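Next up, entry.pdb (PDB, C-alpha atoms, pLDDT in the B column):
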```
ATOM      1  CA  MET A   1     162.939 160.042 -80.667  1.00 37.00           C
ATOM      2  CA  ASP A   2     165.709 161.538 -82.787  1.00 46.00           C
ATOM      3  CA  LYS A   3     166.236 160.621 -86.397  1.00 43.00           C
ATOM      4  CA  ASN A   4     169.323 158.684 -87.453  1.00 54.00           C
ATOM      5  CA  LYS A   5     169.271 155.748 -85.035  1.00 87.00           C
ATOM      6  CA  VAL A   6     171.158 152.694 -86.228  1.00 94.00           C
ATOM      7  CA  ILE A   7     171.091 149.530 -84.144  1.00 95.00           C
ATOM      8  CA  VAL A   8     173.606 146.838 -85.057  1.00 95.00           C
ATOM      9  CA  ILE A   9     173.106 143.220 -84.010  1.00 96.00           C
ATOM     10  CA  GLU A  10     176.558 141.635 -84.039  1.00 92.00           C
ATOM     11  CA  TRP A  11     178.321 138.317 -83.865  1.00 82.00           C
ATOM     12  CA  ILE A  12     179.022 135.304 -86.015  1.00 71.00           C
ATOM     13  CA  ASP A  13     176.416 132.894 -87.252  1.00 71.00           C
ATOM     14  CA  ALA A  14     174.433 130.540 -85.039  1.00 73.00           C
ATOM     15  CA  VAL A  15     173.618 132.880 -82.173  1.00 78.00           C
ATOM     16  CA  GLY A  16     170.273 133.888 -83.676  1.00 83.00           C
ATOM     17  CA  LYS A  17     171.507 137.200 -85.068  1.00 89.00           C
ATOM     18  CA  THR A  18     169.410 137.296 -88.236  1.00 90.00           C
ATOM     19  CA  THR A  19     166.282 135.947 -86.565  1.00 92.00           C
ATOM     20  CA  ILE A  20     166.572 138.482 -83.753  1.00 95.00           C
ATOM     21  CA  ALA A  21     167.434 141.401 -86.062  1.00 96.00           C
ATOM     22  CA  LYS A  22     164.388 140.675 -88.235  1.00 96.00           C
ATOM     23  CA  ALA A  23     162.077 140.268 -85.225  1.00 97.00           C
ATOM     24  CA  LEU A  24     163.417 143.460 -83.634  1.00 97.00           C
ATOM     25  CA  SER A  25     162.864 145.329 -86.915  1.00 97.00           C
ATOM     26  CA  ILE A  26     159.224 144.264 -86.876  1.00 97.00           C
ATOM     27  CA  LYS A  27     158.811 145.097 -83.174  1.00 97.00           C
ATOM     28  CA  ARG A  28     160.259 148.591 -83.625  1.00 96.00           C
ATOM     29  CA  SER A  29     158.777 149.224 -87.106  1.00 95.00           C
ATOM     30  CA  ALA A  30     162.348 149.728 -88.275  1.00 96.00           C
ATOM     31  CA  ILE A  31     164.161 149.069 -91.524  1.00 95.00           C
ATOM     32  CA  TYR A  32     165.943 145.690 -91.589  1.00 96.00           C
ATOM     33  CA  TYR A  33     169.358 145.953 -93.260  1.00 95.00           C
ATOM     34  CA  LYS A  34     171.555 142.904 -93.796  1.00 91.00           C
ATOM     35  CA  THR A  35     175.181 143.644 -94.523  1.00 88.00           C
ATOM     36  CA  PRO A  36     176.738 143.426 -96.976  1.00 84.00           C
ATOM     37  CA  TRP A  37     173.581 144.656 -98.726  1.00 82.00           C
ATOM     38  CA  ASN A  38     174.318 144.355-102.437  1.00 81.00           C
ATOM     39  CA  VAL A  39     176.641 141.348-102.383  1.00 83.00           C
ATOM     40  CA  THR A  40     175.382 138.269-104.180  1.00 85.00           C
ATOM     41  CA  ASN A  41     175.662 134.762-102.768  1.00 83.00           C
ATOM     42  CA  LYS A  42     177.988 133.963-105.679  1.00 90.00           C
ATOM     43  CA  GLU A  43     180.359 136.755-104.591  1.00 89.00           C
ATOM     44  CA  LYS A  44     180.244 135.615-100.953  1.00 84.00           C
ATOM     45  CA  GLU A  45     180.913 132.025-101.980  1.00 83.00           C
ATOM     46  CA  PHE A  46     183.907 133.168-104.016  1.00 90.00           C
ATOM     47  CA  TYR A  47     185.479 135.148-101.158  1.00 89.00           C
ATOM     48  CA  ASP A  48     184.705 132.439 -98.589  1.00 82.00           C
ATOM     49  CA  ARG A  49     186.664 129.809-100.546  1.00 84.00           C
ATOM     50  CA  GLU A  50     189.709 128.164 -98.988  1.00 82.00           C
ATOM     51  CA  ASP A  51     192.055 129.425-101.732  1.00 90.00           C
ATOM     52  CA  VAL A  52     191.159 133.122-101.293  1.00 92.00           C
ATOM     53  CA  SER A  53     193.583 134.939 -99.006  1.00 93.00           C
ATOM     54  CA  ILE A  54     192.292 136.458 -95.785  1.00 93.00           C
ATOM     55  CA  LYS A  55     193.625 139.855 -96.866  1.00 95.00           C
ATOM     56  CA  LYS A  56     191.683 139.692-100.150  1.00 95.00           C
ATOM     57  CA  ARG A  57     188.534 138.553 -98.326  1.00 92.00           C
ATOM     58  CA  PHE A  58     188.938 141.278 -95.678  1.00 95.00           C
ATOM     59  CA  ASN A  59     189.347 144.003 -98.310  1.00 95.00           C
ATOM     60  CA  PHE A  60     186.258 142.749-100.147  1.00 94.00           C
ATOM     61  CA  TYR A  61     184.098 142.945 -96.998  1.00 93.00           C
ATOM     62  CA  LEU A  62     185.656 146.232 -95.840  1.00 94.00           C
ATOM     63  CA  ASN A  63     184.852 147.848 -99.200  1.00 94.00           C
ATOM     64  CA  TRP A  64     181.274 146.666 -98.841  1.00 92.00           C
ATOM     65  CA  CYS A  65     181.124 148.135 -95.329  1.00 92.00           C
ATOM     66  CA  LYS A  66     182.047 151.486 -96.868  1.00 93.00           C
ATOM     67  CA  GLU A  67     179.312 151.074 -99.482  1.00 93.00           C
ATOM     68  CA  ASP A  68     176.838 150.068 -96.784  1.00 93.00           C
ATOM     69  CA  ILE A  69     177.634 153.185 -94.756  1.00 92.00           C
ATOM     70  CA  ASN A  70     176.748 155.324 -97.772  1.00 91.00           C
ATOM     71  CA  ILE A  71     173.472 153.443 -98.227  1.00 92.00           C
ATOM     72  CA  ILE A  72     172.643 153.705 -94.510  1.00 92.00           C
ATOM     73  CA  LEU A  73     173.389 157.442 -94.507  1.00 89.00           C
ATOM     74  CA  GLY A  74     171.021 157.793 -97.468  1.00 90.00           C
ATOM     75  CA  LEU A  75     168.348 155.866 -95.586  1.00 91.00           C
ATOM     76  CA  GLN A  76     168.835 158.082 -92.547  1.00 88.00           C
ATOM     77  CA  ASP A  77     168.328 161.175 -94.697  1.00 87.00           C
ATOM     78  CA  SER A  78     165.166 159.794 -96.288  1.00 89.00           C
ATOM     79  CA  THR A  79     163.329 158.340 -93.282  1.00 86.00           C
ATOM     80  CA  TRP A  80     162.707 158.808 -89.578  1.00 86.00           C
ATOM     81  CA  LYS A  81     162.706 155.067 -89.043  1.00 91.00           C
ATOM     82  CA  GLU A  82     165.431 153.269 -87.155  1.00 94.00           C
ATOM     83  CA  ILE A  83     167.697 150.952 -89.101  1.00 95.00           C
ATOM     84  CA  ILE A  84     168.441 147.515 -87.659  1.00 96.00           C
ATOM     85  CA  CYS A  85     171.669 146.156 -89.161  1.00 95.00           C
ATOM     86  CA  ASP A  86     172.307 142.450 -89.241  1.00 94.00           C
ATOM     87  CA  ARG A  87     176.080 142.546 -88.602  1.00 92.00           C
ATOM     88  CA  PHE A  88     178.487 145.288 -89.630  1.00 92.00           C
ATOM     89  CA  ILE A  89     182.048 146.604 -89.390  1.00 92.00           C
ATOM     90  CA  THR A  90     183.015 145.030 -86.058  1.00 94.00           C
ATOM     91  CA  SER A  91     182.188 141.663 -87.545  1.00 91.00           C
ATOM     92  CA  THR A  92     184.555 142.218 -90.466  1.00 92.00           C
ATOM     93  CA  ILE A  93     187.362 143.271 -88.118  1.00 95.00           C
ATOM     94  CA  CYS A  94     186.878 140.440 -85.606  1.00 93.00           C
ATOM     95  CA  HIS A  95     186.582 137.606 -88.101  1.00 89.00           C
ATOM     96  CA  HIS A  96     189.609 138.567 -90.123  1.00 93.00           C
ATOM     97  CA  SER A  97     191.962 139.776 -87.383  1.00 94.00           C
ATOM     98  CA  VAL A  98     191.505 136.533 -85.435  1.00 93.00           C
ATOM     99  CA  ILE A  99     192.333 134.471 -88.507  1.00 90.00           C
ATOM    100  CA  ASP A 100     195.325 136.638 -89.448  1.00 93.00           C
ATOM    101  CA  LYS A 101     196.838 138.442 -86.477  1.00 94.00           C
ATOM    102  CA  ASP A 102     199.160 140.400 -88.804  1.00 96.00           C
ATOM    103  CA  LEU A 103     196.315 141.803 -90.887  1.00 96.00           C
ATOM    104  CA  ASP A 104     196.307 145.604 -90.991  1.00 96.00           C
ATOM    105  CA  VAL A 105     192.851 146.582 -89.701  1.00 96.00           C
ATOM    106  CA  ARG A 106     193.643 150.241 -88.848  1.00 96.00           C
ATOM    107  CA  GLU A 107     191.410 151.665 -91.583  1.00 95.00           C
ATOM    108  CA  ALA A 108     188.562 149.384 -90.503  1.00 96.00           C
ATOM    109  CA  ASN A 109     189.017 150.406 -86.859  1.00 94.00           C
ATOM    110  CA  ILE A 110     188.818 154.095 -87.801  1.00 94.00           C
ATOM    111  CA  LEU A 111     185.650 153.402 -89.789  1.00 92.00           C
ATOM    112  CA  ASP A 112     184.255 151.337 -86.903  1.00 92.00           C
ATOM    113  CA  ASN A 113     184.913 154.105 -84.372  1.00 91.00           C
ATOM    114  CA  SER A 114     183.411 156.789 -86.606  1.00 89.00           C
ATOM    115  CA  PHE A 115     180.139 155.006 -87.307  1.00 89.00           C
ATOM    116  CA  LYS A 116     177.535 156.059 -84.725  1.00 90.00           C
ATOM    117  CA  ARG A 117     175.210 153.250 -83.640  1.00 93.00           C
ATOM    118  CA  ILE A 118     173.836 151.256 -80.747  1.00 94.00           C
ATOM    119  CA  GLN A 119     175.666 147.940 -80.873  1.00 95.00           C
ATOM    120  CA  ILE A 120     174.114 144.788 -79.430  1.00 95.00           C
ATOM    121  CA  LEU A 121     176.404 141.773 -79.189  1.00 95.00           C
ATOM    122  CA  LEU A 122     174.814 138.353 -79.103  1.00 93.00           C
ATOM    123  CA  ILE A 123     176.899 135.567 -77.629  1.00 91.00           C
ATOM    124  CA  ALA A 124     176.341 131.888 -76.927  1.00 88.00           C
ATOM    125  CA  ASP A 125     178.231 129.014 -75.395  1.00 88.00           C
ATOM    126  CA  LYS A 126     180.157 126.714 -77.735  1.00 85.00           C
ATOM    127  CA  TYR A 127     177.684 123.843 -77.278  1.00 86.00           C
ATOM    128  CA  THR A 128     174.745 125.995 -78.373  1.00 85.00           C
ATOM    129  CA  ILE A 129     176.678 127.332 -81.359  1.00 81.00           C
ATOM    130  CA  LYS A 130     177.812 123.840 -82.348  1.00 79.00           C
ATOM    131  CA  GLU A 131     174.251 122.517 -82.086  1.00 80.00           C
ATOM    132  CA  ARG A 132     172.816 125.375 -84.162  1.00 79.00           C
ATOM    133  CA  LEU A 133     175.537 125.061 -86.782  1.00 77.00           C
ATOM    134  CA  GLY A 134     174.843 121.325 -86.939  1.00 74.00           C
ATOM    135  CA  GLN A 135     171.329 122.122 -88.162  1.00 75.00           C
ATOM    136  CA  ARG A 136     172.689 123.847 -91.256  1.00 69.00           C
ATOM    137  CA  LYS A 137     173.216 122.064 -94.534  1.00 66.00           C
ATOM    138  CA  ILE A 138     176.284 124.032 -95.599  1.00 64.00           C
ATOM    139  CA  LEU A 139     178.951 125.495 -93.337  1.00 61.00           C
ATOM    140  CA  THR A 140     181.607 128.019 -94.300  1.00 62.00           C
ATOM    141  CA  LYS A 141     185.239 127.170 -93.641  1.00 61.00           C
ATOM    142  CA  PHE A 142     185.048 129.414 -90.567  1.00 62.00           C
ATOM    143  CA  GLU A 143     181.958 127.785 -89.094  1.00 64.00           C
ATOM    144  CA  LYS A 144     183.583 124.357 -89.225  1.00 65.00           C
ATOM    145  CA  LYS A 145     186.272 125.348 -86.705  1.00 70.00           C
ATOM    146  CA  GLU A 146     184.974 125.378 -83.128  1.00 70.00           C
ATOM    147  CA  ASP A 147     188.120 126.904 -81.644  1.00 77.00           C
ATOM    148  CA  LEU A 148     188.019 129.672 -84.248  1.00 83.00           C
ATOM    149  CA  TYR A 149     184.483 130.870 -83.607  1.00 80.00           C
ATOM    150  CA  MET A 150     185.084 130.959 -79.854  1.00 85.00           C
ATOM    151  CA  LYS A 151     188.232 133.063 -80.440  1.00 89.00           C
ATOM    152  CA  ILE A 152     186.151 135.369 -82.636  1.00 89.00           C
ATOM    153  CA  GLN A 153     183.595 135.682 -79.850  1.00 88.00           C
ATOM    154  CA  ASP A 154     186.381 136.589 -77.406  1.00 91.00           C
ATOM    155  CA  LYS A 155     187.595 139.259 -79.858  1.00 93.00           C
ATOM    156  CA  PHE A 156     184.066 140.707 -80.111  1.00 91.00           C
ATOM    157  CA  LEU A 157     184.031 141.069 -76.331  1.00 92.00           C
ATOM    158  CA  THR A 158     187.030 143.450 -76.540  1.00 93.00           C
ATOM    159  CA  PHE A 159     185.050 145.940 -78.652  1.00 92.00           C
ATOM    160  CA  LYS A 160     182.606 148.574 -77.441  1.00 90.00           C
ATOM    161  CA  ASN A 161     179.241 146.884 -77.189  1.00 93.00           C
ATOM    162  CA  ASP A 162     176.340 148.764 -75.672  1.00 94.00           C
ATOM    163  CA  CYS A 163     174.631 145.544 -74.630  1.00 94.00           C
ATOM    164  CA  ILE A 164     175.705 141.892 -74.529  1.00 95.00           C
ATOM    165  CA  ILE A 165     173.066 139.172 -74.473  1.00 94.00           C
ATOM    166  CA  ASN A 166     173.671 135.457 -74.125  1.00 93.00           C
ATOM    167  CA  THR A 167     171.259 133.641 -76.442  1.00 92.00           C
ATOM    168  CA  SER A 168     172.120 130.133 -75.256  1.00 91.00           C
ATOM    169  CA  ASN A 169     169.076 129.514 -73.073  1.00 89.00           C
ATOM    170  CA  GLU A 170     166.657 132.249 -74.118  1.00 88.00           C
ATOM    171  CA  ASP A 171     163.884 132.234 -76.687  1.00 91.00           C
ATOM    172  CA  VAL A 172     163.730 134.817 -79.477  1.00 92.00           C
ATOM    173  CA  LEU A 173     160.766 136.741 -78.040  1.00 94.00           C
ATOM    174  CA  THR A 174     162.466 137.173 -74.655  1.00 96.00           C
ATOM    175  CA  ILE A 175     165.697 138.355 -76.298  1.00 95.00           C
ATOM    176  CA  VAL A 176     163.871 140.784 -78.595  1.00 96.00           C
ATOM    177  CA  GLU A 177     161.942 142.200 -75.636  1.00 97.00           C
ATOM    178  CA  SER A 178     165.182 142.632 -73.641  1.00 96.00           C
ATOM    179  CA  ILE A 179     166.879 144.436 -76.536  1.00 96.00           C
ATOM    180  CA  ASN A 180     163.798 146.560 -77.162  1.00 96.00           C
ATOM    181  CA  ASN A 181     163.684 147.635 -73.503  1.00 96.00           C
ATOM    182  CA  PHE A 182     167.414 148.360 -73.530  1.00 95.00           C
ATOM    183  CA  ILE A 183     167.100 150.560 -76.642  1.00 95.00           C
ATOM    184  CA  ASN A 184     164.105 152.392 -75.190  1.00 94.00           C
ATOM    185  CA  ASN A 185     166.083 153.120 -72.006  1.00 93.00           C
ATOM    186  CA  ILE A 186     168.969 154.540 -74.040  1.00 90.00           C
ATOM    187  CA  LEU A 187     166.667 156.706 -76.151  1.00 87.00           C
ATOM    188  CA  ASN A 188     164.709 157.936 -73.119  1.00 88.00           C
ATOM    189  CA  ASN A 189     167.955 159.025 -71.428  1.00 85.00           C
ATOM    190  CA  GLU A 190     169.327 160.997 -74.385  1.00 75.00           C
TER     191      GLU A 190
END
```

Could the structure of this file be written out as structure tokens, please?
Amino acid sequence: MDKNKVIVIEWIDAVGKTTIAKALSIKRSAIYYKTPWNVTNKEKEFYDREDVSIKKRFNFYLNWCKEDINIILGLQDSTWKEIICDRFITSTICHHSVIDKDLDVREANILDNSFKRIQILLIADKYTIKERLGQRKILTKFEKKEDLYMKIQDKFLTFKNDCIINTSNEDVLTIVESINNFINNILNNE
């Protein structure tokens, strides 16, 4: 296997993204990387507030995507292990451009298109997402809006995804095995 493989598990919360990314990292003996890496919960809470503009929030997350790319490139230079990213640039673009259709995301799109990775998109039906979100104690302003997260999912589907998996009726082990097999097929055909 070549060095420098980055696998990104994408979508919004409540599809099992973090659980699957962590389990896949263990399965593949890879590095688990949650983006944004160095952002504190206090910073996230600040930028997720109702009174913070979408443009300001977008720029905050986009700047962290740039920082994360530098960190990931450093990891690629220092290890032969794969890196499994829990969400990345596509997420930043989709979330913010759905909320504000006039938002200028050109720079983010260029960054997105230049970042080489295998991208796995996890989707779920709205009932599954609603049920999973209902199990959480605290929801962001975005997670409270059912119509919004389904529009975000539709936006994700317009991006280049190497694999799309519906997590609605599958258990974590089955999903991880499917993704693992998919990645192995890609790597074996390179």

Around the point (173.6, 128.7, -81.1) (coordinates from the file), which residues reach within 8 Å if we count all atoms listed in the file? Answer as a ChimeraX atom specification. /A:13-16,124-133,167-168

I need the residue nearest Ile84 (chain A) from this list: A:Leu148, A:Ala30, A:Ile179, A:Leu62. Use all atoms listed in the file for the distance. A:Ala30

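Between Glu43 (chain A) and the residues A:Ile26, A:Lys5, A:Leu122, A:Arg57, the shortest atom-to-atom distance, using only C-alpha atoms, involves A:Arg57.
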
Under the PyMOL selection byres ((chain A and resi 63) around 12), which residues of this model are included? Write them out as a PDB file with C-alpha atoms, in the coordinates of the input.
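Saved file expr_36.pdb follows:
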```pdb
ATOM      1  CA  THR A  35     175.181 143.644 -94.523  1.00 88.00           C
ATOM      2  CA  PRO A  36     176.738 143.426 -96.976  1.00 84.00           C
ATOM      3  CA  TRP A  37     173.581 144.656 -98.726  1.00 82.00           C
ATOM      4  CA  ASN A  38     174.318 144.355-102.437  1.00 81.00           C
ATOM      5  CA  VAL A  39     176.641 141.348-102.383  1.00 83.00           C
ATOM      6  CA  LYS A  56     191.683 139.692-100.150  1.00 95.00           C
ATOM      7  CA  ARG A  57     188.534 138.553 -98.326  1.00 92.00           C
ATOM      8  CA  PHE A  58     188.938 141.278 -95.678  1.00 95.00           C
ATOM      9  CA  ASN A  59     189.347 144.003 -98.310  1.00 95.00           C
ATOM     10  CA  PHE A  60     186.258 142.749-100.147  1.00 94.00           C
ATOM     11  CA  TYR A  61     184.098 142.945 -96.998  1.00 93.00           C
ATOM     12  CA  LEU A  62     185.656 146.232 -95.840  1.00 94.00           C
ATOM     13  CA  TRP A  64     181.274 146.666 -98.841  1.00 92.00           C
ATOM     14  CA  CYS A  65     181.124 148.135 -95.329  1.00 92.00           C
ATOM     15  CA  LYS A  66     182.047 151.486 -96.868  1.00 93.00           C
ATOM     16  CA  GLU A  67     179.312 151.074 -99.482  1.00 93.00           C
ATOM     17  CA  ASP A  68     176.838 150.068 -96.784  1.00 93.00           C
ATOM     18  CA  ILE A  69     177.634 153.185 -94.756  1.00 92.00           C
ATOM     19  CA  ASN A  70     176.748 155.324 -97.772  1.00 91.00           C
ATOM     20  CA  PHE A  88     178.487 145.288 -89.630  1.00 92.00           C
ATOM     21  CA  ILE A  89     182.048 146.604 -89.390  1.00 92.00           C
ATOM     22  CA  THR A  92     184.555 142.218 -90.466  1.00 92.00           C
ATOM     23  CA  GLU A 107     191.410 151.665 -91.583  1.00 95.00           C
ATOM     24  CA  ALA A 108     188.562 149.384 -90.503  1.00 96.00           C
ATOM     25  CA  LEU A 111     185.650 153.402 -89.789  1.00 92.00           C
TER      26      LEU A 111
END
```

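CA of Val98 (chain A) is positioned 10.2 Å from CA of Met150 (chain A).
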
Using all atoms listed in the file: which of A:Lys101, A:Arg117, A:Leu173, A:Thr158 has the shortest distance to Leu187 (chain A): A:Arg117
